[in-house]
There are 2 protein chains.
Amino acid sequence: MISPTIEDYLKTIYKLQRRRGRVNTSAIAEKLALSDATVTAMIKKLAREKLLKHISYHGVVLTEKGEKIALRVIRRHRLVELFLKEVLGLDWDKVHVEAERLEHFISDEILDRIDHVLGYPKTDPHGDPIPTGEGKIEEVEENRSLADIEAGRTVIINFVSDGDPKKLRFMAELGLFPKVKVRIEDKSPFEGDLFIKVGSSEHRLPRDVARSIYVTQTGER
Amino acid sequence: MISPTIEDYLKTIYKLQRRRGRVNTSAIAEKLALSDATVTAMIKKLAREKLLKHISYHGVVLTEKGEKIALRVIRRHRLVELFLKEVLGLDWDKVHVEAERLEHFISDEILDRIDHVLGYPKTDPHGDPIPTGEGKIEEVEENRSLADIEAGRTVIINFVSDGDPKKLRFMAELGLFPKVKVRIEDKSPFEGDLFIKVGSSEHRLPRDVARSIYVTQTGER
DNA sequence: ATTAAAATTTAGATTAGCCTAAATTTTAGT
DNA sequence: ACTAAAATTTAGGCTAATCTAAATTTTAAT
């Protein structure tokens with residue numbers, strides 16, 4: 001009934017919805033790398049199955065039923081990511097791609113065991129919150145990008161975008177992980193580099209990498 | 001290219017081939033619970049892709065290429081089974097069904113990590129040999145069923161059929177696992193029960209359960 | 001207020017895997 | 001050796017998920 005394909009649609013719509021409320025066809029098509037026509041067809045099907053509400057030409061909103069499924073997929077994804085890193089020792093830049101596949105095939109029973117082995121964690125390796133089994137998720141309020149923080153400030157890393165393995169490897173080399181404290185020593189103008197201090201070591205950080213790091217400011221300057 | 005469906009066909013044909021050499025359409029259809037016509041169509045496709053040789057009306061034989069894929073699927077299946085039991089603590093009667101799904105979605109990298117975590121094991125929880133990464137498998141020579149051993153003999157359990165969870169739970173209760181020594185005290189005639197001794201405790205064992213336990217005879221009587 | 005551009009939907013096709021029913025080929029019993 | 005039964009294949013159809021191209025609707029710029 002709920003195919004991996006449908007799970008991907010619901011997850012994608014859920015994430016797009018976070019900000020925009022109503023989600024348009026082309027946004028979904030872009031995220032899933034499918035044609036607009038394909039997405040239109042699937043939207044009609046999902047509307048028929050009461051997983052979302054569709055107003056023709058004006059986008060979609062998930063129903064409670066659709067949102068519940070989306071959150072379960074996200075829970076599986078994030079628990080699997082953490083499991084792959086902590087238990088199997090995969091590098092953190094590789095877990096996203098693997099979880100993207102496995103999230104569709106993990107039974108409730110296996111997920112419970114994974115959750116148990118990991119000690120009921122709250123966040124995944126990139127700092128994203130793991131929804132509970134009941135579908136509750138702690139939405140992150142503070143999510144300013146490190147790229148937008150002024151020089152002289154000190155921040156704590158909240159989470160990082162999980163998409164680009166190269167960027168993730170780069171961050172790992174500088175010790176830029178969730179919960180780590182970073183001081184911004186200086187910033188080049190325009191799209192220039194940031195100069196940051198992590199622990200006792202200083203690094204140069206390209207702006208586009210900084211843009212995929214989300215932080216909370218501390219009082220420290 | 002090689003879909004989960006194709007993997008299932010190749011694995012099934014490989015297992016049927018073990019005994020019979022040439023495998024007929026209806027045997028595959030029965031194992032996979034598909035119609036004969038469906039299997040015929042798929043056989044033609046697999047022949048086109050040089051995964052097997054097909055002589056119309058006379059069955060199929062895997063090519064080296066087909067066999068290699070089958071063995072990789074079996075390796076994934078058996079390593080996943082053991083992993084689910086040893087690392088996640090799933091009951092041994094549940095791991096087969098779960099592995100049947102997951103075997104199609106485990107990457108080489110994850111499989112390597114699983115193999116490593118398990119300490120490069122040789123057999124799965126039911127006693128079946130795990131093919132190596134290079135596709136070598138230690139075929140079990142001695143595979144007489146416990147149901148066919150005469151009273152008074154002592155045997156070592158080699159492996160058990162992994163299909164029926166109820167039977168597996170029953171065996172587990174009696175301590176009937178691979179490598180365990182069992183003495184056959186007595187046998188009721190026809191399809192009657194066996195009376196066995198496992199360690200110091202005696203049990204009654206229905207013939208059909210005994211039939212799914214494969215053993216090697218010891219010198220002991 | 002028009003109209004061109006952008007977004008969306010409709011129409012028509014394709015592929016993988018499955019089905020049933022009918023036709024064909026092989027096998028086995030007399 | 002013949003013929004009925006069994007096994008297999010062929011023919012024709014279905015569904016899910018995708019595509020391209022054309023039609024329609026909305027949006028935004030003058």
# chains A, B, ... in the order shown; residues from 1 in each chain; ligands from 1
>>> interface_residues(of="chain B", to="chain C", cutoff="8 Å", atoms="only C-alpha atoms (C1' of nucleotides)", output="list in words")
Ser35, Thr38 and Tyr57 of chain B
>>> interface_residues(of="chain B", to="chain A", cutoff="10 Å", atoms="only C-alpha atoms", output="count of residues only")
23
>>> select_by_dssp(residues="chain B", states="helix (DSSP H, G or I)", output="MDAnalysis selection string")
chainID B and resid 4:20 25:32 36:48 64:86 95:102 108:117 146:148 165:174 207:211
>>> write_last_selection(atoms="C-alpha atoms", output="mmCIF file, in the first residue's frame")
data_model
loop_
_atom_site.group_PDB
_atom_site.id
_atom_site.type_symbol
_atom_site.label_atom_id
_atom_site.label_comp_id
_atom_site.auth_asym_id
_atom_site.auth_seq_id
_atom_site.Cartn_x
_atom_site.Cartn_y
_atom_site.Cartn_z
ATOM 1 C CA PRO B 4 15.408 -7.346 -5.927
ATOM 2 C CA THR B 5 13.058 -9.470 -8.024
ATOM 3 C CA ILE B 6 15.886 -10.788 -10.171
ATOM 4 C CA GLU B 7 17.967 -11.450 -7.066
ATOM 5 C CA ASP B 8 15.134 -13.548 -5.683
ATOM 6 C CA TYR B 9 14.893 -15.577 -8.872
ATOM 7 C CA LEU B 10 18.636 -16.223 -8.993
ATOM 8 C CA LYS B 11 18.820 -17.163 -5.329
ATOM 9 C CA THR B 12 15.881 -19.521 -5.680
ATOM 10 C CA ILE B 13 17.264 -21.157 -8.803
ATOM 11 C CA TYR B 14 20.659 -21.519 -7.145
ATOM 12 C CA LYS B 15 19.151 -23.348 -4.191
ATOM 13 C CA LEU B 16 17.024 -25.627 -6.359
ATOM 14 C CA GLN B 17 20.013 -26.319 -8.574
ATOM 15 C CA ARG B 18 22.084 -27.638 -5.644
ATOM 16 C CA ARG B 19 20.330 -30.980 -5.925
ATOM 17 C CA ARG B 20 18.666 -31.264 -9.275
ATOM 18 C CA THR B 25 9.817 -23.542 -14.389
ATOM 19 C CA SER B 26 7.167 -24.855 -12.052
ATOM 20 C CA ALA B 27 9.641 -25.483 -9.229
ATOM 21 C CA ILE B 28 10.727 -21.850 -9.364
ATOM 22 C CA ALA B 29 7.123 -20.706 -9.612
ATOM 23 C CA GLU B 30 6.204 -22.709 -6.545
ATOM 24 C CA LYS B 31 9.091 -21.423 -4.406
ATOM 25 C CA LEU B 32 8.409 -17.824 -5.356
ATOM 26 C CA ASP B 36 4.254 -20.456 -14.260
ATOM 27 C CA ALA B 37 3.658 -17.937 -17.024
ATOM 28 C CA THR B 38 5.291 -15.170 -15.010
ATOM 29 C CA VAL B 39 8.313 -17.327 -14.387
ATOM 30 C CA THR B 40 8.618 -18.252 -18.060
ATOM 31 C CA ALA B 41 8.681 -14.575 -18.974
ATOM 32 C CA MET B 42 11.351 -13.786 -16.397
ATOM 33 C CA ILE B 43 13.453 -16.790 -17.445
ATOM 34 C CA LYS B 44 13.590 -15.445 -20.976
ATOM 35 C CA LYS B 45 14.718 -12.107 -19.673
ATOM 36 C CA LEU B 46 17.391 -13.645 -17.467
ATOM 37 C CA ALA B 47 18.591 -15.758 -20.399
ATOM 38 C CA ARG B 48 18.850 -12.610 -22.522
ATOM 39 C CA GLU B 64 28.760 -18.324 -13.718
ATOM 40 C CA LYS B 65 27.561 -14.737 -13.735
ATOM 41 C CA GLY B 66 24.148 -15.735 -12.406
ATOM 42 C CA GLU B 67 25.624 -17.985 -9.762
ATOM 43 C CA LYS B 68 27.918 -15.254 -8.563
ATOM 44 C CA ILE B 69 25.007 -12.919 -7.986
ATOM 45 C CA ALA B 70 23.015 -15.660 -6.249
ATOM 46 C CA LEU B 71 25.886 -16.316 -3.879
ATOM 47 C CA ARG B 72 26.228 -12.659 -3.068
ATOM 48 C CA VAL B 73 22.558 -12.481 -2.165
ATOM 49 C CA ILE B 74 22.886 -15.580 -0.001
ATOM 50 C CA ARG B 75 25.933 -14.099 1.685
ATOM 51 C CA ARG B 76 24.029 -10.934 2.454
ATOM 52 C CA HIS B 77 21.066 -12.905 3.723
ATOM 53 C CA ARG B 78 23.069 -15.061 6.089
ATOM 54 C CA LEU B 79 25.268 -12.289 7.428
ATOM 55 C CA VAL B 80 22.211 -10.133 8.024
ATOM 56 C CA GLU B 81 20.478 -12.984 9.853
ATOM 57 C CA LEU B 82 23.407 -13.423 12.188
ATOM 58 C CA PHE B 83 23.775 -9.695 12.664
ATOM 59 C CA LEU B 84 20.121 -9.296 13.597
ATOM 60 C CA LYS B 85 20.448 -12.053 16.145
ATOM 61 C CA GLU B 86 23.863 -11.262 17.638
ATOM 62 C CA VAL B 95 15.647 -13.202 11.487
ATOM 63 C CA HIS B 96 14.866 -15.135 8.312
ATOM 64 C CA VAL B 97 11.851 -13.052 7.332
ATOM 65 C CA GLU B 98 13.680 -9.808 8.058
ATOM 66 C CA ALA B 99 16.768 -10.875 6.124
ATOM 67 C CA GLU B 100 14.606 -11.920 3.206
ATOM 68 C CA ARG B 101 13.798 -8.254 2.731
ATOM 69 C CA LEU B 102 17.052 -6.613 3.783
ATOM 70 C CA ASP B 108 29.062 -3.782 0.045
ATOM 71 C CA GLU B 109 30.374 -1.262 2.515
ATOM 72 C CA ILE B 110 27.741 -2.038 5.134
ATOM 73 C CA LEU B 111 28.191 -5.740 4.555
ATOM 74 C CA ASP B 112 31.921 -5.456 5.180
ATOM 75 C CA ARG B 113 31.268 -3.660 8.447
ATOM 76 C CA ILE B 114 28.721 -6.281 9.496
ATOM 77 C CA ASP B 115 31.171 -9.054 8.651
ATOM 78 C CA HIS B 116 33.835 -7.281 10.689
ATOM 79 C CA VAL B 117 31.624 -6.660 13.710
ATOM 80 C CA LEU B 146 17.273 -36.272 12.137
ATOM 81 C CA ALA B 147 13.964 -37.939 11.264
ATOM 82 C CA ASP B 148 15.821 -40.674 9.379
ATOM 83 C CA PRO B 165 9.125 -19.645 12.897
ATOM 84 C CA LYS B 166 6.890 -21.879 15.006
ATOM 85 C CA LYS B 167 9.133 -24.895 14.528
ATOM 86 C CA LEU B 168 12.186 -22.759 15.235
ATOM 87 C CA ARG B 169 10.715 -21.502 18.496
ATOM 88 C CA PHE B 170 9.922 -25.070 19.451
ATOM 89 C CA MET B 171 13.463 -26.181 18.704
ATOM 90 C CA ALA B 172 14.866 -23.283 20.695
ATOM 91 C CA GLU B 173 12.843 -24.361 23.711
ATOM 92 C CA LEU B 174 14.398 -27.812 23.562
ATOM 93 C CA ARG B 207 8.595 -36.261 13.286
ATOM 94 C CA ASP B 208 7.957 -33.206 11.099
ATOM 95 C CA VAL B 209 10.126 -31.085 13.353
ATOM 96 C CA ALA B 210 12.851 -33.733 13.266
ATOM 97 C CA ARG B 211 12.603 -33.664 9.486
#
>>> interface_residues(of="chain D", to="chain B", cutoff="10 Å", atoms="only C-alpha atoms (C1' of nucleotides)", output="count of residues only")
4
>>> select_by_dssp(residues="chain A", states="strand (DSSP E or B)", output="PyMOL selection string")
chain A and resi 23+52-54+60-62+123+129+144-145+154-160+181-187+194-198+201-205+213-217
>>> write_last_selection(atoms="N, CA and C atoms", output="tab-separated table (two decimals), in the first residue's frame")
chain	number	residue	atom	x	y	z
A	23	VAL	N	2.90	23.43	-0.45
A	23	VAL	CA	4.04	23.00	-1.26
A	23	VAL	C	3.62	22.84	-2.70
A	52	LEU	N	-2.81	13.58	1.60
A	52	LEU	CA	-2.62	15.03	1.51
A	52	LEU	C	-3.84	15.68	0.89
A	53	LYS	N	-3.90	17.01	1.03
A	53	LYS	CA	-4.96	17.80	0.40
A	53	LYS	C	-4.36	18.53	-0.79
A	54	HIS	N	-5.06	18.46	-1.90
A	54	HIS	CA	-4.54	19.09	-3.12
A	54	HIS	C	-5.57	20.07	-3.65
A	60	VAL	N	-0.06	21.52	-2.30
A	60	VAL	CA	-0.57	20.48	-1.42
A	60	VAL	C	-0.20	20.74	0.04
A	61	VAL	N	-0.97	20.13	0.93
A	61	VAL	CA	-0.68	20.12	2.37
A	61	VAL	C	-0.92	18.70	2.86
A	62	LEU	N	-0.02	18.16	3.64
A	62	LEU	CA	-0.20	16.81	4.17
A	62	LEU	C	-1.38	16.76	5.14
A	123	THR	N	19.16	12.87	18.76
A	123	THR	CA	19.55	13.49	17.50
A	123	THR	C	20.41	12.54	16.66
A	129	PRO	N	16.95	16.38	14.89
A	129	PRO	CA	16.20	15.68	15.94
A	129	PRO	C	15.52	14.43	15.41
A	144	ARG	N	20.01	29.77	12.57
A	144	ARG	CA	20.75	30.71	11.73
A	144	ARG	C	21.98	29.99	11.18
A	145	SER	N	22.32	30.35	9.95
A	145	SER	CA	23.49	29.74	9.34
A	145	SER	C	24.76	30.40	9.89
A	154	THR	N	30.66	33.93	19.34
A	154	THR	CA	30.91	32.51	19.58
A	154	THR	C	29.57	31.78	19.49
A	155	VAL	N	29.57	30.64	18.81
A	155	VAL	CA	28.32	29.91	18.58
A	155	VAL	C	28.49	28.43	18.92
A	156	ILE	N	27.36	27.76	19.08
A	156	ILE	CA	27.36	26.31	19.23
A	156	ILE	C	26.71	25.73	17.98
A	157	ILE	N	27.33	24.72	17.39
A	157	ILE	CA	26.74	24.10	16.19
A	157	ILE	C	25.52	23.28	16.59
A	158	ASN	N	24.40	23.55	15.92
A	158	ASN	CA	23.16	22.82	16.15
A	158	ASN	C	23.07	21.59	15.27
A	159	PHE	N	23.10	21.86	13.96
A	159	PHE	CA	23.07	20.76	13.00
A	159	PHE	C	23.70	21.22	11.70
A	160	VAL	N	24.02	20.26	10.84
A	160	VAL	CA	24.61	20.58	9.54
A	160	VAL	C	23.81	19.88	8.45
A	181	LYS	N	31.65	24.11	19.96
A	181	LYS	CA	31.69	25.56	20.09
A	181	LYS	C	32.67	26.15	19.07
A	182	VAL	N	32.25	27.19	18.40
A	182	VAL	CA	33.08	27.82	17.36
A	182	VAL	C	33.11	29.33	17.57
A	183	ARG	N	34.31	29.90	17.52
A	183	ARG	CA	34.40	31.37	17.57
A	183	ARG	C	34.76	31.89	16.19
A	184	ILE	N	34.02	32.91	15.74
A	184	ILE	CA	34.32	33.50	14.44
A	184	ILE	C	35.30	34.64	14.64
A	185	GLU	N	36.52	34.41	14.22
A	185	GLU	CA	37.58	35.40	14.43
A	185	GLU	C	37.45	36.55	13.45
A	186	ASP	N	37.14	36.18	12.21
A	186	ASP	CA	37.11	37.22	11.16
A	186	ASP	C	36.35	36.69	9.96
A	187	LYS	N	35.88	37.62	9.14
A	187	LYS	CA	35.17	37.22	7.92
A	187	LYS	C	35.67	38.07	6.76
A	194	LEU	N	35.44	32.48	6.14
A	194	LEU	CA	35.40	32.83	7.56
A	194	LEU	C	36.69	32.33	8.20
A	195	PHE	N	37.13	33.01	9.24
A	195	PHE	CA	38.27	32.52	10.01
A	195	PHE	C	37.76	32.15	11.38
A	196	ILE	N	37.85	30.88	11.69
A	196	ILE	CA	37.20	30.39	12.90
A	196	ILE	C	38.19	29.70	13.83
A	197	LYS	N	37.79	29.62	15.10
A	197	LYS	CA	38.59	28.93	16.09
A	197	LYS	C	37.74	27.81	16.67
A	198	VAL	N	38.25	26.58	16.55
A	198	VAL	CA	37.55	25.41	17.09
A	198	VAL	C	38.48	24.81	18.12
A	201	SER	N	42.46	25.37	17.86
A	201	SER	CA	43.04	25.52	16.52
A	201	SER	C	42.19	26.44	15.63
A	202	GLU	N	42.88	27.18	14.78
A	202	GLU	CA	42.21	28.12	13.89
A	202	GLU	C	42.15	27.56	12.48
A	203	HIS	N	41.05	27.88	11.78
A	203	HIS	CA	40.86	27.37	10.42
A	203	HIS	C	40.24	28.43	9.54
A	204	ARG	N	40.46	28.22	8.23
A	204	ARG	CA	39.77	29.03	7.24
A	204	ARG	C	38.59	28.22	6.74
A	205	LEU	N	37.42	28.84	6.65
A	205	LEU	CA	36.20	28.11	6.28
A	205	LEU	C	35.48	28.80	5.13
A	213	ILE	N	26.06	25.05	7.89
A	213	ILE	CA	26.20	24.79	9.33
A	213	ILE	C	25.24	25.72	10.08
A	214	TYR	N	24.36	25.16	10.88
A	214	TYR	CA	23.36	25.94	11.58
A	214	TYR	C	23.69	25.99	13.06
A	215	VAL	N	23.58	27.21	13.62
A	215	VAL	CA	24.15	27.43	14.95
A	215	VAL	C	23.22	28.22	15.87
A	216	THR	N	23.54	28.16	17.14
A	216	THR	CA	22.91	29.02	18.15
A	216	THR	C	23.98	29.94	18.71
A	217	GLN	N	23.69	31.25	18.83
A	217	GLN	CA	24.67	32.17	19.40
A	217	GLN	C	24.75	31.99	20.92
>>> atom_distance(atom1="atom C1' of D:DA17", atom2="atom CA of A:Asp164")
27.3 Å
>>> atom_distance(atom1="atom C1' of D:DT18", atom2="atom CA of B:Met1")
15.9 Å
